[in-house]
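Structure file work-v7.cif (mmCIF, C-alpha atoms and all ligand atoms) follows.
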data_work
loop_
_atom_site.group_PDB
_atom_site.id
_atom_site.type_symbol
_atom_site.label_atom_id
_atom_site.label_comp_id
_atom_site.auth_asym_id
_atom_site.auth_seq_id
_atom_site.Cartn_x
_atom_site.Cartn_y
_atom_site.Cartn_z
ATOM 1 C CA MET A 168 37.127 -30.699 -33.979
ATOM 2 C CA ALA A 169 38.328 -33.943 -32.375
ATOM 3 C CA ASP A 170 37.967 -35.895 -35.597
ATOM 4 C CA LEU A 171 40.252 -33.553 -37.548
ATOM 5 C CA VAL A 172 43.048 -35.533 -35.909
ATOM 6 C CA LEU A 173 42.478 -39.188 -35.133
ATOM 7 C CA VAL A 174 44.573 -40.777 -32.408
ATOM 8 C CA THR A 175 44.583 -44.554 -32.059
ATOM 9 C CA ASP A 176 46.753 -46.788 -29.913
ATOM 10 C CA ASP A 177 47.561 -50.305 -31.038
ATOM 11 C CA GLY A 178 49.879 -52.176 -28.708
ATOM 12 C CA LEU A 179 53.013 -50.079 -28.202
ATOM 13 C CA VAL A 180 52.313 -47.825 -31.187
ATOM 14 C CA ARG A 181 50.241 -44.648 -31.332
ATOM 15 C CA THR A 182 48.980 -43.429 -34.708
ATOM 16 C CA VAL A 183 48.292 -39.717 -35.128
ATOM 17 C CA ARG A 184 46.308 -39.226 -38.308
ATOM 18 C CA MET A 185 45.584 -35.883 -39.953
ATOM 19 C CA ASN A 186 41.970 -36.149 -41.008
ATOM 20 C CA ARG A 187 40.806 -33.225 -43.093
ATOM 21 C CA PRO A 188 40.799 -34.952 -46.473
ATOM 22 C CA GLU A 189 38.371 -32.508 -48.120
ATOM 23 C CA LYS A 190 41.078 -29.852 -47.694
ATOM 24 C CA LYS A 191 43.908 -32.258 -48.510
ATOM 25 C CA ASN A 192 44.867 -32.182 -44.838
ATOM 26 C CA ALA A 193 45.722 -28.476 -44.760
ATOM 27 C CA LEU A 194 46.535 -27.877 -41.099
ATOM 28 C CA THR A 195 44.739 -25.481 -38.777
ATOM 29 C CA VAL A 196 45.667 -24.357 -35.271
ATOM 30 C CA PRO A 197 43.377 -26.853 -33.475
ATOM 31 C CA MET A 198 44.968 -29.626 -35.539
ATOM 32 C CA TYR A 199 48.476 -28.575 -34.448
ATOM 33 C CA GLU A 200 47.266 -28.500 -30.873
ATOM 34 C CA ALA A 201 45.754 -31.990 -31.101
ATOM 35 C CA MET A 202 48.794 -33.464 -32.828
ATOM 36 C CA GLY A 203 51.181 -31.909 -30.315
ATOM 37 C CA ALA A 204 49.113 -33.195 -27.407
ATOM 38 C CA ALA A 205 49.044 -36.707 -28.892
ATOM 39 C CA ILE A 206 52.831 -36.756 -29.341
ATOM 40 C CA GLU A 207 53.485 -35.361 -25.859
ATOM 41 C CA GLY A 208 50.916 -37.767 -24.439
ATOM 42 C CA ALA A 209 52.775 -40.701 -25.961
ATOM 43 C CA ALA A 210 55.987 -39.619 -24.227
ATOM 44 C CA ALA A 211 54.112 -39.500 -20.925
ATOM 45 C CA SER A 212 52.849 -43.063 -21.330
ATOM 46 C CA PRO A 213 55.352 -45.883 -20.773
ATOM 47 C CA ALA A 214 52.938 -48.171 -22.626
ATOM 48 C CA LEU A 215 53.606 -46.284 -25.882
ATOM 49 C CA ARG A 216 56.995 -46.629 -27.557
ATOM 50 C CA CYS A 217 56.534 -45.201 -31.036
ATOM 51 C CA VAL A 218 54.311 -42.699 -32.846
ATOM 52 C CA VAL A 219 53.261 -43.005 -36.480
ATOM 53 C CA ILE A 220 52.180 -39.800 -38.222
ATOM 54 C CA ALA A 221 49.792 -40.528 -41.075
ATOM 55 C CA GLY A 222 47.458 -38.675 -43.410
ATOM 56 C CA ALA A 223 44.774 -39.503 -45.929
ATOM 57 C CA PRO A 224 45.174 -41.546 -49.120
ATOM 58 C CA GLY A 225 46.787 -39.270 -51.679
ATOM 59 C CA ALA A 226 47.100 -36.391 -49.222
ATOM 60 C CA PHE A 227 49.558 -36.662 -46.406
ATOM 61 C CA CYS A 228 49.309 -32.914 -45.779
ATOM 62 C CA ALA A 229 48.825 -29.785 -47.958
ATOM 63 C CA GLY A 230 50.700 -27.584 -45.506
ATOM 64 C CA ASN A 231 49.354 -24.836 -43.335
ATOM 65 C CA ASP A 232 45.856 -23.622 -44.143
ATOM 66 C CA LEU A 233 46.393 -20.681 -46.498
ATOM 67 C CA GLN A 234 43.159 -19.038 -45.372
ATOM 68 C CA ASP A 235 44.674 -18.902 -41.889
ATOM 69 C CA PHE A 236 47.911 -17.471 -43.302
ATOM 70 C CA LEU A 237 45.905 -14.790 -45.132
ATOM 71 C CA ALA A 238 44.170 -13.840 -41.880
ATOM 72 C CA ALA A 239 47.531 -13.747 -40.074
ATOM 73 C CA SER A 240 48.861 -11.570 -42.873
ATOM 74 C CA ALA A 241 45.970 -9.115 -42.569
ATOM 75 C CA ASN A 242 46.311 -8.929 -38.767
ATOM 76 C CA ALA A 243 50.125 -8.662 -38.869
ATOM 77 C CA ASP A 244 50.261 -11.798 -36.719
ATOM 78 C CA GLY A 245 53.126 -14.223 -37.010
ATOM 79 C CA LEU A 246 52.878 -17.994 -36.932
ATOM 80 C CA ALA A 247 50.238 -19.015 -34.407
ATOM 81 C CA PRO A 248 51.817 -19.724 -30.994
ATOM 82 C CA LEU A 249 50.272 -23.211 -30.947
ATOM 83 C CA LEU A 250 51.822 -23.942 -34.341
ATOM 84 C CA VAL A 251 55.243 -22.906 -33.021
ATOM 85 C CA GLU A 252 54.657 -25.057 -29.926
ATOM 86 C CA PHE A 253 53.838 -28.021 -32.169
ATOM 87 C CA LEU A 254 57.106 -27.530 -34.045
ATOM 88 C CA LYS A 255 59.024 -27.488 -30.775
ATOM 89 C CA THR A 256 57.179 -30.618 -29.655
ATOM 90 C CA LEU A 257 58.465 -32.332 -32.789
ATOM 91 C CA ALA A 258 62.016 -31.138 -32.101
ATOM 92 C CA ARG A 259 61.886 -32.296 -28.484
ATOM 93 C CA ALA A 260 59.850 -35.474 -29.028
ATOM 94 C CA GLU A 261 61.096 -38.253 -26.791
ATOM 95 C CA THR A 262 59.110 -40.982 -28.504
ATOM 96 C CA PRO A 263 60.487 -42.157 -31.857
ATOM 97 C CA LEU A 264 58.509 -40.740 -34.767
ATOM 98 C CA VAL A 265 57.662 -42.666 -37.929
ATOM 99 C CA ALA A 266 55.793 -41.134 -40.877
ATOM 100 C CA ALA A 267 53.641 -42.817 -43.522
ATOM 101 C CA VAL A 268 53.417 -40.511 -46.544
ATOM 102 C CA THR A 269 51.084 -41.016 -49.475
ATOM 103 C CA GLY A 270 50.476 -38.420 -52.162
ATOM 104 C CA LEU A 271 51.191 -34.789 -51.522
ATOM 105 C CA ALA A 272 53.312 -33.468 -48.699
ATOM 106 C CA VAL A 273 53.461 -29.678 -48.958
ATOM 107 C CA GLY A 274 55.152 -27.135 -46.686
ATOM 108 C CA ILE A 275 55.000 -28.388 -43.141
ATOM 109 C CA GLY A 276 53.823 -31.713 -44.617
ATOM 110 C CA THR A 277 57.417 -32.075 -45.794
ATOM 111 C CA THR A 278 59.330 -30.163 -43.131
ATOM 112 C CA MET A 279 57.793 -32.169 -40.263
ATOM 113 C CA LEU A 280 59.444 -35.238 -41.803
ATOM 114 C CA LEU A 281 62.858 -33.815 -40.917
ATOM 115 C CA HIS A 282 61.959 -34.489 -37.270
ATOM 116 C CA CYS A 283 60.953 -38.095 -37.945
ATOM 117 C CA ASP A 284 63.257 -41.024 -37.271
ATOM 118 C CA HIS A 285 61.877 -43.220 -40.044
ATOM 119 C CA VAL A 286 59.815 -42.241 -43.093
ATOM 120 C CA VAL A 287 57.972 -44.588 -45.444
ATOM 121 C CA ALA A 288 56.786 -42.999 -48.696
ATOM 122 C CA ALA A 289 54.350 -44.169 -51.319
ATOM 123 C CA SER A 290 55.474 -44.259 -54.936
ATOM 124 C CA ASP A 291 52.948 -41.433 -55.546
ATOM 125 C CA ALA A 292 54.429 -39.208 -52.829
ATOM 126 C CA ARG A 293 55.438 -35.700 -53.852
ATOM 127 C CA PHE A 294 57.325 -33.446 -51.477
ATOM 128 C CA SER A 295 57.250 -29.701 -52.009
ATOM 129 C CA THR A 296 58.011 -26.625 -49.983
ATOM 130 C CA PRO A 297 56.923 -23.564 -51.976
ATOM 131 C CA PHE A 298 57.803 -21.163 -49.152
ATOM 132 C CA VAL A 299 59.706 -18.643 -51.244
ATOM 133 C CA HIS A 300 57.108 -18.791 -54.036
ATOM 134 C CA LEU A 301 54.564 -17.805 -51.380
ATOM 135 C CA GLY A 302 56.776 -14.939 -50.197
ATOM 136 C CA LEU A 303 57.689 -16.888 -47.053
ATOM 137 C CA VAL A 304 60.719 -18.591 -45.531
ATOM 138 C CA PRO A 305 61.155 -22.215 -44.426
ATOM 139 C CA GLU A 306 59.965 -23.215 -40.940
ATOM 140 C CA ALA A 307 60.113 -26.161 -38.527
ATOM 141 C CA ALA A 308 63.917 -25.792 -38.271
ATOM 142 C CA SER A 309 64.075 -27.033 -41.860
ATOM 143 C CA SER A 310 66.676 -24.347 -42.631
ATOM 144 C CA LEU A 311 68.929 -26.187 -40.164
ATOM 145 C CA LEU A 312 67.829 -29.809 -40.539
ATOM 146 C CA GLY A 313 67.317 -29.745 -44.337
ATOM 147 C CA PRO A 314 70.958 -29.037 -45.260
ATOM 148 C CA ARG A 315 72.070 -31.409 -42.496
ATOM 149 C CA ARG A 316 69.913 -34.202 -43.906
ATOM 150 C CA MET A 317 70.436 -33.734 -47.634
ATOM 151 C CA GLY A 318 73.313 -31.297 -48.129
ATOM 152 C CA HIS A 319 73.098 -27.613 -49.030
ATOM 153 C CA THR A 320 72.471 -27.880 -52.751
ATOM 154 C CA ARG A 321 69.587 -30.336 -52.468
ATOM 155 C CA ALA A 322 68.151 -28.389 -49.541
ATOM 156 C CA PHE A 323 68.417 -25.169 -51.565
ATOM 157 C CA SER A 324 66.625 -26.755 -54.500
ATOM 158 C CA LEU A 325 63.779 -27.938 -52.269
ATOM 159 C CA LEU A 326 63.519 -25.200 -49.653
ATOM 160 C CA ALA A 327 64.536 -22.092 -51.607
ATOM 161 C CA MET A 328 63.799 -22.872 -55.268
ATOM 162 C CA GLY A 329 60.705 -24.832 -54.346
ATOM 163 C CA ARG A 330 61.507 -27.666 -56.735
ATOM 164 C CA PRO A 331 59.480 -30.690 -55.625
ATOM 165 C CA LEU A 332 60.936 -34.115 -54.988
ATOM 166 C CA ASP A 333 59.176 -37.244 -56.143
ATOM 167 C CA ALA A 334 59.458 -40.441 -54.101
ATOM 168 C CA ALA A 335 62.644 -41.569 -55.836
ATOM 169 C CA GLY A 336 64.212 -38.119 -55.368
ATOM 170 C CA ALA A 337 63.264 -38.087 -51.689
ATOM 171 C CA LEU A 338 64.830 -41.530 -51.271
ATOM 172 C CA ALA A 339 68.031 -40.370 -52.989
ATOM 173 C CA ALA A 340 68.085 -37.227 -50.815
ATOM 174 C CA GLY A 341 67.761 -39.259 -47.613
ATOM 175 C CA LEU A 342 64.432 -37.680 -46.727
ATOM 176 C CA VAL A 343 62.718 -41.079 -46.688
ATOM 177 C CA ASN A 344 63.829 -44.595 -45.830
ATOM 178 C CA SER A 345 61.810 -46.591 -48.326
ATOM 179 C CA VAL A 346 59.310 -46.317 -51.156
ATOM 180 C CA VAL A 347 56.462 -48.786 -51.489
ATOM 181 C CA ALA A 348 53.132 -49.013 -53.310
ATOM 182 C CA PRO A 349 50.540 -46.571 -51.921
ATOM 183 C CA ALA A 350 48.398 -49.399 -50.543
ATOM 184 C CA GLU A 351 51.354 -50.761 -48.577
ATOM 185 C CA VAL A 352 52.587 -47.565 -46.941
ATOM 186 C CA GLU A 353 50.710 -47.811 -43.688
ATOM 187 C CA ALA A 354 51.501 -51.482 -43.152
ATOM 188 C CA GLU A 355 55.160 -50.821 -43.883
ATOM 189 C CA ALA A 356 55.238 -47.844 -41.490
ATOM 190 C CA MET A 357 53.509 -49.894 -38.794
ATOM 191 C CA LYS A 358 56.023 -52.709 -39.295
ATOM 192 C CA ALA A 359 58.894 -50.262 -38.752
ATOM 193 C CA ALA A 360 57.117 -48.719 -35.754
ATOM 194 C CA ARG A 361 56.641 -52.136 -34.128
ATOM 195 C CA GLU A 362 60.263 -52.985 -34.795
ATOM 196 C CA ILE A 363 61.349 -49.739 -33.110
ATOM 197 C CA ALA A 364 58.884 -50.247 -30.242
ATOM 198 C CA ALA A 365 60.265 -53.709 -29.542
ATOM 199 C CA LEU A 366 63.872 -52.509 -29.104
ATOM 200 C CA PRO A 367 65.281 -52.296 -25.563
ATOM 201 C CA ALA A 368 63.726 -48.997 -24.459
ATOM 202 C CA GLU A 369 66.585 -47.461 -22.483
ATOM 203 C CA ALA A 370 69.274 -48.310 -25.026
ATOM 204 C CA LEU A 371 67.065 -46.973 -27.805
ATOM 205 C CA ALA A 372 66.341 -43.731 -25.943
ATOM 206 C CA ALA A 373 70.054 -43.173 -25.292
ATOM 207 C CA THR A 374 70.956 -43.973 -28.909
ATOM 208 C CA ARG A 375 68.268 -41.673 -30.217
ATOM 209 C CA ARG A 376 69.537 -38.832 -28.009
ATOM 210 C CA LEU A 377 73.062 -39.390 -29.312
ATOM 211 C CA LEU A 378 71.934 -39.458 -32.934
ATOM 212 C CA ARG A 379 69.670 -36.424 -32.713
ATOM 213 C CA GLY A 380 71.839 -34.370 -30.382
ATOM 214 C CA SER A 381 70.390 -31.670 -28.187
ATOM 215 C CA PRO A 382 67.112 -30.231 -29.464
ATOM 216 C CA ASP A 383 68.236 -26.748 -28.378
ATOM 217 C CA ALA A 384 69.662 -25.741 -31.752
ATOM 218 C CA ALA A 385 66.495 -26.819 -33.587
ATOM 219 C CA VAL A 386 64.290 -25.045 -31.047
ATOM 220 C CA ALA A 387 66.353 -21.854 -31.383
ATOM 221 C CA ARG A 388 66.141 -22.087 -35.179
ATOM 222 C CA ILE A 389 62.350 -22.533 -34.985
ATOM 223 C CA ASP A 390 62.197 -19.198 -33.130
ATOM 224 C CA GLU A 391 64.597 -17.519 -35.564
ATOM 225 C CA GLU A 392 62.581 -18.740 -38.562
ATOM 226 C CA ALA A 393 59.326 -17.692 -36.880
ATOM 227 C CA ALA A 394 60.612 -14.120 -36.438
ATOM 228 C CA GLU A 395 61.438 -13.911 -40.151
ATOM 229 C CA PHE A 396 58.201 -15.705 -41.052
ATOM 230 C CA LYS A 397 56.244 -13.032 -39.206
ATOM 231 C CA ARG A 398 57.853 -10.289 -41.285
ATOM 232 C CA ARG A 399 57.263 -12.250 -44.470
ATOM 233 C CA LEU A 400 53.620 -13.060 -43.650
ATOM 234 C CA ALA A 401 52.874 -9.343 -43.429
ATOM 235 C CA SER A 402 54.497 -8.640 -46.806
ATOM 236 C CA PRO A 403 52.533 -7.706 -49.931
ATOM 237 C CA GLU A 404 54.292 -10.603 -51.753
ATOM 238 C CA ALA A 405 52.883 -13.153 -49.356
ATOM 239 C CA ARG A 406 49.398 -11.663 -49.207
ATOM 240 C CA ALA A 407 49.185 -11.611 -53.016
ATOM 241 C CA ALA A 408 50.253 -15.279 -53.171
ATOM 242 C CA PHE A 409 47.626 -16.407 -50.617
ATOM 243 C CA GLU A 410 44.897 -14.389 -52.335
ATOM 244 C CA ALA A 411 45.862 -15.820 -55.725
ATOM 245 C CA PHE A 412 45.610 -19.386 -54.391
ATOM 246 C CA LEU A 413 42.290 -18.828 -52.672
ATOM 247 C CA ALA A 414 40.802 -17.054 -55.705
ATOM 248 C CA ARG A 415 42.134 -19.479 -58.311
ATOM 249 C CA LYS A 416 39.850 -20.853 -60.981
ATOM 250 C CA ARG A 417 39.569 -24.609 -61.168
HETATM 251 N N1 LIG B 501 45.088 -24.203 -47.356
HETATM 252 C C1 LIG B 501 43.767 -24.077 -47.486
HETATM 253 N N2 LIG B 501 43.049 -24.848 -48.309
HETATM 254 C C2 LIG B 501 43.702 -25.761 -49.013
HETATM 255 C C3 LIG B 501 45.083 -25.941 -48.928
HETATM 256 C C4 LIG B 501 45.791 -25.109 -48.047
HETATM 257 N N3 LIG B 501 47.101 -25.230 -47.869
HETATM 258 N N4 LIG B 501 45.448 -26.943 -49.761
HETATM 259 C C5 LIG B 501 44.323 -27.375 -50.345
HETATM 260 N N5 LIG B 501 43.273 -26.670 -49.896
HETATM 261 C C6 LIG B 501 41.863 -26.821 -50.262
HETATM 262 C C7 LIG B 501 41.542 -26.230 -51.606
HETATM 263 O O1 LIG B 501 41.302 -24.825 -51.490
HETATM 264 C C8 LIG B 501 40.306 -27.000 -51.972
HETATM 265 O O2 LIG B 501 39.227 -26.472 -51.238
HETATM 266 P P1 LIG B 501 37.779 -26.283 -51.951
HETATM 267 O O3 LIG B 501 37.416 -27.660 -52.465
HETATM 268 O O4 LIG B 501 36.907 -25.804 -50.839
HETATM 269 O O5 LIG B 501 38.012 -25.287 -53.039
HETATM 270 C C9 LIG B 501 40.585 -28.387 -51.417
HETATM 271 O O6 LIG B 501 41.583 -28.202 -50.397
HETATM 272 C C10 LIG B 501 41.139 -29.355 -52.439
HETATM 273 O O7 LIG B 501 42.307 -28.762 -53.006
HETATM 274 P P2 LIG B 501 42.554 -28.694 -54.596
HETATM 275 O O8 LIG B 501 43.496 -27.566 -54.856
HETATM 276 O O9 LIG B 501 41.244 -28.679 -55.319
HETATM 277 O O10 LIG B 501 43.270 -30.091 -54.840
HETATM 278 P P3 LIG B 501 44.371 -30.419 -55.936
HETATM 279 O O11 LIG B 501 44.583 -31.894 -55.830
HETATM 280 O O12 LIG B 501 44.018 -29.844 -57.249
HETATM 281 O O13 LIG B 501 45.691 -29.675 -55.441
HETATM 282 C C11 LIG B 501 47.353 -29.019 -53.844
HETATM 283 C C12 LIG B 501 46.250 -30.015 -54.192
HETATM 284 C C13 LIG B 501 47.844 -29.311 -52.444
HETATM 285 C C14 LIG B 501 48.515 -29.165 -54.869
HETATM 286 C C15 LIG B 501 46.810 -27.577 -53.944
HETATM 287 O O14 LIG B 501 45.591 -27.519 -53.208
HETATM 288 C C16 LIG B 501 47.742 -26.568 -53.352
HETATM 289 O O15 LIG B 501 48.680 -26.125 -54.007
HETATM 290 N N6 LIG B 501 47.498 -26.159 -52.093
HETATM 291 C C17 LIG B 501 48.283 -25.160 -51.420
HETATM 292 C C18 LIG B 501 49.511 -25.809 -50.808
HETATM 293 C C19 LIG B 501 50.375 -24.781 -50.107
HETATM 294 O O16 LIG B 501 50.863 -23.854 -50.710
HETATM 295 N N7 LIG B 501 50.536 -24.953 -48.791
HETATM 296 C C20 LIG B 501 51.255 -24.036 -47.940
HETATM 297 C C21 LIG B 501 52.685 -24.363 -47.960
HETATM 298 S S1 LIG B 501 53.593 -23.258 -46.897
#

Output the file's structure as structure tokens, nothing else.
Amino acid sequence: MADLVLVTDDGLVRTVRMNRPEKKNALTVPMYEAMGAAIEGAAASPALRCVVIAGAPGAFCAGNDLQDFLAASANADGLAPLLVEFLKTLARAETPLVAAVTGLAVGIGTTMLLHCDHVVAASDARFSTPFVHLGLVPEAASSLLGPRRMGHTRAFSLLAMGRPLDAAGALAAGLVNSVVAPAEVEAEAMKAAREIAALPAEALAATRRLLRGSPDAAVARIDEEAAEFKRRLASPEARAAFEAFLARKR
């Protein structure tokens, strides 16, 4: 399991890499657990000042594993508790978060970016959140942070209508800071991470707290979304959508 998430420290920067490329980095519960632990671990280490979240070439993250959602649907479970904990870890993260996105970023692959302080996207990046198409609702406090970041109409287009954003659209919407060639994304993200890590730590921490505000509202929204998500997961609409994906002909 350990290699489904790779954690490497380089100077003041920790990289947390989703590493399930054969499934386009669809996330499973052990992966959420490992990623959350790596982010919390960074906050506990004064030697680490920034975390970069990265994926695989062409696949930042395909969202939650739909096989797992189908099982949760059949068992009338909601979002896995460790998934919800991971979302709250993102909301409460004390270490600045940078993301390096190449290729697809689906579902939580996009909504986790709303918790990041700096996002570098590849020109091939494609951001999509097909929650409603899957019979679901947005998660990760994206129903709160999405409109705050990009305004209601753009958030509605992405989070409710499920219209994807390409890299240029994500830049225009303020979801990402910069767009570079796919081969340059990681270097560019690392450059930003080192720049952040080199800032005076206490002044940066205070500034970040001021900019982000209290995490309480995001944490409360994560719970509110999770309650609705649980109802939606159990719905025939959602089950039919998961089954259709898993049975699709290619
Ligand atoms: N859950 C489970 N498996 C997934 C997955 C997911 N979210 N996303 C991709 N995979 C698997 C595929 O089933 C396939 O597995 P297989 O080779 O064993 O059949 C493998 O990853 C490669 O995916 P594939 O669909 O062949 O790649 P693609 O490049 O044609 O398409 C996606 C990539 C991401 C567009 C497509 O896989 C997709 O739509 N995935 C679902 C995304 C989603 O709805 N996520 C949940 C959001 S809430």

Next on the checklist: Since I can't run it myself right now, could you work out what the PyMOL selection byres (((chain A and resi 185) around 12) and not hetatm) selects here and report it as a count of residues only?
Outcome noted: 45

Item to check | Evaluate the PyMOL selection byres (((chain A and resi 277) around 9) and not hetatm) and report residues as number ranges by chain | outcome: A: 228, 230, 271-276, 278-281, 294-296

Item to check | Residues matched by the PyMOL selection byres (((chain A and resi 343) around 10) and not hetatm), written as JSON, numbers by chain | outcome: {"A": [266, 267, 268, 280, 281, 283, 284, 285, 286, 287, 288, 334, 335, 336, 337, 338, 339, 340, 341, 342, 344, 345, 346]}

Checklist outcome for this item: If you count only C-alpha atoms, the residue of A:Ala384, A:Leu233, A:Ala370, A:Leu179 closest to Pro213 (chain A) turns out to be A:Leu179

Next on the checklist: With distances taken over all atoms listed in the file, which residue among A:Met317, A:Ala214, A:Ala405, A:Val347 lies nearest ligand LIG 501 (chain B)?
Outcome noted: A:Ala405

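Distance check against ligand LIG 501 (chain B) using only C-alpha atoms and all ligand atoms: of A:Met328, A:Val251, A:Cys217, A:Ala414, the minimum falls on A:Ala414.
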
Next on the checklist: So that I can see what lies close to Leu413 (chain A), please list as a ChimeraX atom specification the residues with an atom at most 9 Å from it, counting only C-alpha atoms and leaving out residues fewer than 3 positions away in the same chain.
Outcome noted: /A:233-234,408-410,416

Next on the checklist: Report, in Å to a single decimal, how far apart CA of Phe323 (chain A) and atom O10 of ligand LIG 501 (chain B) are.
Outcome noted: 25.8 Å

Next on the checklist: Rounded to one decimal, what separation in Å do you get between CA of Leu312 (chain A) and atom O13 of ligand LIG 501 (chain B)?
Outcome noted: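 Interatomic distance, CA of Leu312 (chain A) to atom O13 of ligand LIG 501 (chain B): 26.7 Å.
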
Item to check | Contacts of region 297-305 of chain A at 10 Å (only C-alpha atoms; same-chain gap of 6+ positions) as number ranges by chain | outcome: A: 230, 233, 273-275, 278, 311, 313, 325-331, 389, 392-393, 395-409, 411-412

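Minimum distance to Arg361 (chain A) across A:Ala210, A:Ala292, A:Leu264, A:Ala243 (counting only C-alpha atoms) occurs at A:Leu264.
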
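For the pair atom C18 of ligand LIG 501 (chain B) and CA of Ala354 (chain A), the interatomic distance is 26.9 Å.
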
Checklist entry - Pick the closest to Glu355 (chain A) from A:Ile206, A:Ala387, A:His282, A:Val265: which is it, counting all atoms listed in the file? => result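 Selected residue with least distance to Glu355 (chain A): A:Val265.
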
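Distances from A:Val196, A:Leu215, A:Asp235, A:Gly270 to Leu249 (chain A) were compared using all atoms listed in the file, and the smallest one belongs to A:Val196.
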